[in-house]
Amino acid sequence: MSQSTITGGREGSLEAPIRHPLNWRDPSFYDEGALEKELERVFDICHGCRRCFSLCNSFPTLFDAVDESPSGELDTVDKKVYWDVVDHCYLCDMCYMTKCPYVPPHPWNLDFPHLMLRAKAIKAKKGEVRVRDKILSATDVVGRIAGIPVIAQAVNAVNKTDVGRTLLDVTLGVATDAPIPEYHSNSARRQLAGRELKVQAKPTEDTRGKVVLFTTCYGNRNEPDLNLDLVKVFEHNGIPVKIVSQEKCCGMPKLELGDLETVARHKDTNIPALKQAIDEGYDIVAPIPSCVLMFKQELPLMFPEDADVQAVKARIFDPFEYLMLRHKAGLLRTDFTDELGKVSYHVPCHLRVQNIGLKTRDVLKLVPNTTIDVIERCSGHNGTYAVKKEFRPASVKIGKPVMSRVEKANPDHYTSDCPMAGHQIETGLKDPKEPEHPLKLLRKAYGI
């Protein structure tokens, strides 16, 4: 009987999934022969199960190849397909956290995302990474250059023209119909630097009542209003906010590329600054789910022995997670001045896998005469995946159910905690209107 025969599993088990640390500094991690054997083992299990067929395009790529192979089994699938499967994985973690019955503590010990990460890391170590991918994943560097005054205006103007999009297509392989962000010279960190704390902290059992803000690459240079809205909402609720003393990219874009050495270098900049803030009595918040997840999950799994990394993990929060903790303690203001009406709310994958529940929905539901239609499906954006020409059709196909749901609902507002997912949805609407981030909606409801 092949290993792909479906027996056992976690169905009926009360044991929670266990995530093992990523052994990325062990030389055996980069052993290509061992990797191929593990790919064969895991792909055989996945082929026999197929519960993840409706997630990312990695699984249909694998299953179609198996079905079209001479034997109808994995043993006659071209090994090149293995790398196609790897390329389609954008490490959303949804298969591990929501679908797979064979994750640890199951004896088959299946961790599909970390296996894909291992394969990506081997490619990166061998230098088999496109220049395009290195540029797109260097979010802090690109933002710093593109955010220079005059250059920012020029970049934004060119990117809105057919000529500019064709140039991006030809030079970098960026799809002409993919959403690409604007750049701002007046960054969030610049606007929030040196601010005096305007309110006094009130700690609760779960929160310290004052936060340091990790602005994120995207929130700093592409949509600084994300951070300005967060500050307004938090201070309205008596929570003082200051920015972290120094900040680099969280490392998620480089993680998705398999460039673990650069992830480690970013960690060496970010963690000391965040730990200092914790030692000064602050909690940490960040407006982008992927960045919060990086500090909550990925860095702790990469550096399980680093006490400072673990300390940051324990004190970083999604903004709406934090607000609901304050509400639990009776400290969240509900003096809303404006209703929101009907809201279509997309829950990003990197928020869903944090297992904190639907805190954004719960906060927005407090607004009078407001209904929230929750959409728990992938938008198809997934980091840089949706902007790459070769993956753009797959990303649109993945996101189509979300786009159709928003279109059919005809809401007063549509929103996603991930602003990039929001713009991905925008590209699929017949009558496009811009998404509004939940923080902006909450600020609007408060009338501040």
# chains A, B, ... in the order shown; residues from 1 in each chain; ligands from 1
>>> select_by_dssp(residues="region 166-278 of chain A", states="alpha helix (DSSP H)", output="ChimeraX atom specification")
/A:166-172,188-192,217,225-236,252-257,260-278
>>> write_last_selection(atoms="N, CA and C atoms", output="short mmCIF file (atom, residue, chain, number, x, y, z; two decimals), in the first residue's frame")
data_model
loop_
_atom_site.label_atom_id
_atom_site.label_comp_id
_atom_site.auth_asym_id
_atom_site.auth_seq_id
_atom_site.Cartn_x
_atom_site.Cartn_y
_atom_site.Cartn_z
N THR A 166 4.16 48.96 -20.07
CA THR A 166 4.83 48.10 -21.06
C THR A 166 6.32 47.97 -20.73
N LEU A 167 6.91 49.07 -20.30
CA LEU A 167 8.33 49.05 -19.93
C LEU A 167 8.56 48.11 -18.74
N LEU A 168 7.66 48.17 -17.74
CA LEU A 168 7.78 47.26 -16.60
C LEU A 168 7.61 45.81 -17.03
N ASP A 169 6.73 45.59 -17.98
CA ASP A 169 6.52 44.24 -18.51
C ASP A 169 7.78 43.72 -19.18
N VAL A 170 8.35 44.53 -20.06
CA VAL A 170 9.51 44.10 -20.86
C VAL A 170 10.75 43.94 -19.99
N THR A 171 10.97 44.87 -19.05
CA THR A 171 12.21 44.86 -18.27
C THR A 171 12.15 43.95 -17.04
N LEU A 172 10.98 43.89 -16.38
CA LEU A 172 10.89 43.15 -15.12
C LEU A 172 9.87 42.02 -15.14
N ALA A 188 5.33 57.78 6.23
CA ALA A 188 4.68 57.72 7.54
C ALA A 188 5.68 57.99 8.66
N ARG A 189 6.86 57.42 8.55
CA ARG A 189 7.86 57.61 9.60
C ARG A 189 8.26 59.08 9.69
N ARG A 190 8.35 59.73 8.55
CA ARG A 190 8.69 61.16 8.56
C ARG A 190 7.58 61.96 9.23
N GLN A 191 6.33 61.63 8.93
CA GLN A 191 5.22 62.39 9.49
C GLN A 191 5.02 62.13 10.99
N LEU A 192 5.42 60.94 11.43
CA LEU A 192 5.17 60.57 12.82
C LEU A 192 6.40 60.71 13.72
N CYS A 217 7.16 48.47 5.35
CA CYS A 217 7.61 49.10 4.10
C CYS A 217 6.44 49.70 3.35
N ASP A 225 -1.15 56.65 4.93
CA ASP A 225 -2.40 56.87 5.66
C ASP A 225 -2.77 55.69 6.55
N LEU A 226 -2.28 54.49 6.20
CA LEU A 226 -2.54 53.33 7.06
C LEU A 226 -2.09 53.61 8.48
N ASN A 227 -0.89 54.14 8.60
CA ASN A 227 -0.32 54.41 9.92
C ASN A 227 -0.93 55.64 10.56
N LEU A 228 -1.24 56.66 9.76
CA LEU A 228 -1.86 57.86 10.31
C LEU A 228 -3.26 57.55 10.85
N ASP A 229 -3.99 56.71 10.12
CA ASP A 229 -5.32 56.30 10.59
C ASP A 229 -5.20 55.49 11.88
N LEU A 230 -4.22 54.59 11.93
CA LEU A 230 -4.02 53.77 13.13
C LEU A 230 -3.75 54.66 14.34
N VAL A 231 -2.87 55.64 14.16
CA VAL A 231 -2.52 56.52 15.28
C VAL A 231 -3.76 57.29 15.76
N LYS A 232 -4.54 57.81 14.82
CA LYS A 232 -5.74 58.56 15.18
C LYS A 232 -6.73 57.69 15.97
N VAL A 233 -6.95 56.46 15.49
CA VAL A 233 -7.90 55.56 16.15
C VAL A 233 -7.39 55.17 17.53
N PHE A 234 -6.11 54.83 17.63
CA PHE A 234 -5.57 54.40 18.92
C PHE A 234 -5.58 55.55 19.92
N GLU A 235 -5.16 56.73 19.51
CA GLU A 235 -5.14 57.85 20.45
C GLU A 235 -6.55 58.26 20.86
N HIS A 236 -7.50 58.12 19.94
CA HIS A 236 -8.90 58.38 20.28
C HIS A 236 -9.36 57.44 21.39
N MET A 252 9.45 39.39 5.23
CA MET A 252 8.53 38.47 4.56
C MET A 252 8.78 38.37 3.06
N PRO A 253 9.00 39.48 2.33
CA PRO A 253 9.27 39.34 0.89
C PRO A 253 10.50 38.49 0.59
N LYS A 254 11.54 38.63 1.40
CA LYS A 254 12.74 37.83 1.19
C LYS A 254 12.52 36.37 1.62
N LEU A 255 11.71 36.17 2.64
CA LEU A 255 11.36 34.80 3.05
C LEU A 255 10.68 34.09 1.90
N GLU A 256 9.73 34.76 1.24
CA GLU A 256 8.99 34.16 0.14
C GLU A 256 9.91 33.83 -1.03
N LEU A 257 11.07 34.48 -1.08
CA LEU A 257 12.06 34.22 -2.12
C LEU A 257 13.05 33.13 -1.71
N LEU A 260 17.07 33.50 3.06
CA LEU A 260 17.01 33.47 4.52
C LEU A 260 18.13 34.27 5.16
N GLU A 261 19.25 34.42 4.48
CA GLU A 261 20.34 35.22 5.03
C GLU A 261 19.93 36.69 5.14
N THR A 262 19.22 37.20 4.13
CA THR A 262 18.76 38.58 4.21
C THR A 262 17.69 38.72 5.28
N VAL A 263 16.84 37.72 5.43
CA VAL A 263 15.85 37.74 6.52
C VAL A 263 16.57 37.89 7.86
N ALA A 264 17.65 37.15 8.03
CA ALA A 264 18.41 37.20 9.28
C ALA A 264 19.02 38.59 9.50
N ARG A 265 19.50 39.21 8.43
CA ARG A 265 20.08 40.55 8.57
C ARG A 265 19.01 41.57 8.97
N HIS A 266 17.84 41.47 8.37
CA HIS A 266 16.75 42.37 8.75
C HIS A 266 16.35 42.15 10.21
N LYS A 267 16.34 40.91 10.61
CA LYS A 267 16.02 40.58 12.01
C LYS A 267 17.02 41.25 12.95
N ASP A 268 18.28 41.27 12.57
CA ASP A 268 19.32 41.85 13.43
C ASP A 268 19.15 43.36 13.61
N THR A 269 18.45 44.01 12.69
CA THR A 269 18.13 45.43 12.84
C THR A 269 16.85 45.64 13.63
N ASN A 270 15.82 44.86 13.29
CA ASN A 270 14.49 45.11 13.86
C ASN A 270 14.33 44.64 15.30
N ILE A 271 14.82 43.46 15.59
CA ILE A 271 14.54 42.87 16.91
C ILE A 271 15.11 43.69 18.06
N PRO A 272 16.37 44.18 18.00
CA PRO A 272 16.86 44.99 19.12
C PRO A 272 16.01 46.23 19.39
N ALA A 273 15.55 46.90 18.32
CA ALA A 273 14.73 48.10 18.49
C ALA A 273 13.37 47.75 19.10
N LEU A 274 12.78 46.66 18.65
CA LEU A 274 11.48 46.26 19.18
C LEU A 274 11.60 45.76 20.62
N LYS A 275 12.67 45.04 20.90
CA LYS A 275 12.89 44.56 22.27
C LYS A 275 13.11 45.73 23.23
N GLN A 276 13.82 46.76 22.77
CA GLN A 276 14.02 47.94 23.60
C GLN A 276 12.68 48.59 23.95
N ALA A 277 11.79 48.64 22.95
CA ALA A 277 10.46 49.21 23.20
C ALA A 277 9.69 48.38 24.23
N ILE A 278 9.80 47.07 24.12
CA ILE A 278 9.13 46.19 25.09
C ILE A 278 9.69 46.44 26.49
#
>>> closest_atom_pairs(of="region 52-101 of chain A", to="region 372-378 of chain A", cutoff="10 Å", atoms="only C-alpha atoms", output="CSV")
residue,atom,partner,partner_atom,distance
A:Ser54,CA,A:Arg377,CA,9.9
A:Leu55,CA,A:Cys378,CA,7.7
A:Cys56,CA,A:Cys378,CA,8.3
A:Cys92,CA,A:Cys378,CA,9.1
A:Met94,CA,A:Cys378,CA,9.3
>>> closest_atom_pairs(of="region 95-207 of chain A", to="region 414-425 of chain A", cutoff="12 Å", atoms="only C-alpha atoms", output="tab-separated table")
residue	atom	partner	partner_atom	distance
A:Asp177	CA	A:Gln424	CA	10.1
A:Ala178	CA	A:Gln424	CA	7.6
A:Pro179	CA	A:Gln424	CA	6.2
A:Ile180	CA	A:His423	CA	8.5
A:Pro181	CA	A:Met420	CA	8.1
A:Glu182	CA	A:Met420	CA	11.4
>>> atom_distance(atom1="CA of Arg392 (chain A)", atom2="CA of Val86 (chain A)")
16.2 Å
>>> closest_residue(among="A:Arg315, A:Asp31, A:Asp75, A:Pro101", to="Ala16 (chain A)", atoms="only C-alpha atoms")
A:Pro101
>>> residues_around(residues="Pro17 (chain A)", least_positions_apart="4", cutoff="10 Å", atoms="only C-alpha atoms", output="MDAnalysis selection string")
chainID A and resid 10 96:98 100:106
>>> write_last_selection(atoms="N, CA and C atoms", output="CSV table (one decimal), in the first residue's frame")
chain,number,residue,atom,x,y,z
A,10,ARG,N,-5.8,13.7,11.4
A,10,ARG,CA,-6.2,14.4,12.6
A,10,ARG,C,-7.7,14.4,12.9
A,96,TYR,N,-1.4,24.3,5.7
A,96,TYR,CA,-0.9,23.8,7.0
A,96,TYR,C,-2.0,24.0,8.1
A,97,MET,N,-2.5,25.3,8.1
A,97,MET,CA,-3.3,25.7,9.2
A,97,MET,C,-4.8,25.3,9.1
A,98,THR,N,-5.3,25.0,7.9
A,98,THR,CA,-6.7,24.8,7.8
A,98,THR,C,-7.1,23.5,7.1
A,100,CYS,N,-4.7,20.5,6.0
A,100,CYS,CA,-3.9,19.2,6.0
A,100,CYS,C,-4.2,18.4,7.3
A,101,PRO,N,-4.6,17.2,7.2
A,101,PRO,CA,-4.7,16.3,8.4
A,101,PRO,C,-3.5,15.6,8.8
A,102,TYR,N,-2.3,15.9,8.1
A,102,TYR,CA,-1.1,15.1,8.4
A,102,TYR,C,0.0,15.9,8.9
A,103,VAL,N,-0.3,17.1,9.4
A,103,VAL,CA,0.7,18.0,10.0
A,103,VAL,C,1.1,17.4,11.4
A,104,PRO,N,2.2,17.7,12.0
A,104,PRO,CA,2.6,17.2,13.3
A,104,PRO,C,1.5,17.6,14.3
A,105,PRO,N,1.1,16.7,15.3
A,105,PRO,CA,1.9,15.5,15.7
A,105,PRO,C,1.5,14.3,14.9
A,106,HIS,N,0.9,14.3,13.8
A,106,HIS,CA,0.7,13.1,13.0
A,106,HIS,C,2.0,12.6,12.6
>>> atom_distance(atom1="CA of Tyr90 (chain A)", atom2="CA of Asn382 (chain A)")
6.3 Å
>>> closest_residue(among="A:Val396, A:Cys95, A:Ala146, A:Ile45", to="Asn186 (chain A)", atoms="only C-alpha atoms")
A:Ala146
>>> residues_around(residues="Ile288 (chain A)", least_positions_apart="4", cutoff="12 Å", atoms="only C-alpha atoms", output="NGL selection string")
:A and (213-220 or 223-224 or 226-227 or 230 or 249-250 or 252 or 292-295 or 317-320 or 348-351 or 383 or 416-421 or 437-439)
>>> residues_around(residues="region 113-127 of chain A", least_positions_apart="3", cutoff="6 Å", atoms="only C-alpha atoms", output="PDB file with C-alpha atoms, in the first residue's frame")
ATOM      1  CA  TYR A  30      20.479  22.427   1.607  1.00  0.00           C
ATOM      2  CA  VAL A  86       7.483  25.291  -5.623  1.00  0.00           C
ATOM      3  CA  LEU A  91       3.818  30.579   1.711  1.00  0.00           C
ATOM      4  CA  GLY A 258      14.000  31.789   0.080  1.00  0.00           C
ATOM      5  CA  ASP A 259      16.659  34.419   0.870  1.00  0.00           C
TER       6      ASP A 259
END
>>> atom_distance(atom1="CA of Lys198 (chain A)", atom2="CA of Lys313 (chain A)")
27.0 Å
>>> residues_around(residues="Lys202 (chain A)", least_positions_apart="3", cutoff="10 Å", atoms="only C-alpha atoms", output="PyMOL selection string")
chain A and resi 199+207-210+238-240+326+331
>>> write_last_selection(atoms="N, CA and C atoms", output="CSV table (one decimal), in the first residue's frame")
chain,number,residue,atom,x,y,z
A,199,VAL,N,-1.7,61.1,25.0
A,199,VAL,CA,-2.6,60.5,26.0
A,199,VAL,C,-1.8,59.6,27.0
A,207,THR,N,-3.0,44.0,27.9
A,207,THR,CA,-2.3,45.0,27.2
A,207,THR,C,-1.7,46.0,28.1
A,208,ARG,N,-0.6,46.6,27.6
A,208,ARG,CA,0.1,47.6,28.4
A,208,ARG,C,-0.5,49.0,28.2
A,209,GLY,N,-1.3,49.2,27.2
A,209,GLY,CA,-2.0,50.4,27.0
A,209,GLY,C,-1.2,51.5,26.2
A,210,LYS,N,0.0,51.2,25.8
A,210,LYS,CA,0.8,52.1,24.9
A,210,LYS,C,1.6,51.2,24.0
A,238,GLY,N,-7.4,56.4,23.8
A,238,GLY,CA,-6.5,56.5,25.0
A,238,GLY,C,-5.2,55.7,24.9
A,239,ILE,N,-4.8,55.3,23.7
A,239,ILE,CA,-3.6,54.5,23.6
A,239,ILE,C,-2.5,55.3,22.9
A,240,PRO,N,-1.5,55.7,23.7
A,240,PRO,CA,-0.4,56.5,23.1
A,240,PRO,C,0.4,55.6,22.1
A,326,ARG,N,-8.8,45.6,24.3
A,326,ARG,CA,-9.1,46.8,25.1
A,326,ARG,C,-10.6,46.9,25.3
A,331,LEU,N,-12.4,49.5,27.7
A,331,LEU,CA,-11.7,50.7,27.4
A,331,LEU,C,-11.8,51.1,25.9
>>> residues_around(residues="His327 (chain A)", least_positions_apart="5", cutoff="12 Å", atoms="only C-alpha atoms", output="PyMOL selection string")
chain A and resi 204-207+209+237-238+320-322+332-334+359+362-363+366
>>> write_last_selection(atoms="N, CA and C atoms", output="mmCIF file, in the first residue's frame")
data_model
loop_
_atom_site.group_PDB
_atom_site.id
_atom_site.type_symbol
_atom_site.label_atom_id
_atom_site.label_comp_id
_atom_site.auth_asym_id
_atom_site.auth_seq_id
_atom_site.Cartn_x
_atom_site.Cartn_y
_atom_site.Cartn_z
ATOM 1 N N THR A 204 -4.141 47.017 30.903
ATOM 2 C CA THR A 204 -5.153 46.027 31.260
ATOM 3 C C THR A 204 -4.428 44.715 31.544
ATOM 4 N N GLU A 205 -5.192 43.691 31.803
ATOM 5 C CA GLU A 205 -4.587 42.378 32.061
ATOM 6 C C GLU A 205 -3.805 41.881 30.838
ATOM 7 N N ASP A 206 -4.279 42.215 29.628
ATOM 8 C CA ASP A 206 -3.667 41.696 28.407
ATOM 9 C C ASP A 206 -2.835 42.716 27.641
ATOM 10 N N THR A 207 -3.025 43.991 27.929
ATOM 11 C CA THR A 207 -2.322 45.031 27.168
ATOM 12 C C THR A 207 -1.664 46.027 28.108
ATOM 13 N N GLY A 209 -1.285 49.163 27.179
ATOM 14 C CA GLY A 209 -1.979 50.418 26.965
ATOM 15 C C GLY A 209 -1.203 51.478 26.223
ATOM 16 N N ASN A 237 -8.747 56.269 21.458
ATOM 17 C CA ASN A 237 -9.085 55.274 22.474
ATOM 18 C C ASN A 237 -8.106 55.268 23.643
ATOM 19 N N GLY A 238 -7.366 56.374 23.798
ATOM 20 C CA GLY A 238 -6.510 56.523 24.963
ATOM 21 C C GLY A 238 -5.243 55.692 24.929
ATOM 22 N N PHE A 320 -6.481 45.299 15.253
ATOM 23 C CA PHE A 320 -7.844 45.026 15.708
ATOM 24 C C PHE A 320 -7.867 43.972 16.816
ATOM 25 N N GLU A 321 -6.888 43.099 16.830
ATOM 26 C CA GLU A 321 -6.725 42.196 17.967
ATOM 27 C C GLU A 321 -6.515 43.019 19.239
ATOM 28 N N TYR A 322 -5.672 44.040 19.125
ATOM 29 C CA TYR A 322 -5.370 44.895 20.283
ATOM 30 C C TYR A 322 -6.608 45.669 20.717
ATOM 31 N N LEU A 332 -12.586 50.435 25.128
ATOM 32 C CA LEU A 332 -12.739 50.854 23.731
ATOM 33 C C LEU A 332 -13.936 51.790 23.615
ATOM 34 N N ARG A 333 -13.714 52.944 23.031
ATOM 35 C CA ARG A 333 -14.795 53.910 22.867
ATOM 36 C C ARG A 333 -15.769 53.434 21.788
ATOM 37 N N THR A 334 -17.043 53.595 22.036
ATOM 38 C CA THR A 334 -18.073 53.224 21.060
ATOM 39 C C THR A 334 -18.956 54.423 20.727
ATOM 40 N N LYS A 359 -11.232 39.527 14.497
ATOM 41 C CA LYS A 359 -11.250 40.716 15.356
ATOM 42 C C LYS A 359 -11.631 41.975 14.591
ATOM 43 N N ASP A 362 -15.276 41.995 14.364
ATOM 44 C CA ASP A 362 -15.888 42.228 15.667
ATOM 45 C C ASP A 362 -15.875 43.716 16.038
ATOM 46 N N VAL A 363 -14.774 44.413 15.715
ATOM 47 C CA VAL A 363 -14.708 45.842 16.006
ATOM 48 C C VAL A 363 -15.676 46.617 15.115
ATOM 49 N N LEU A 366 -19.351 46.821 15.950
ATOM 50 C CA LEU A 366 -19.769 47.696 17.042
ATOM 51 C C LEU A 366 -20.367 49.004 16.526
#
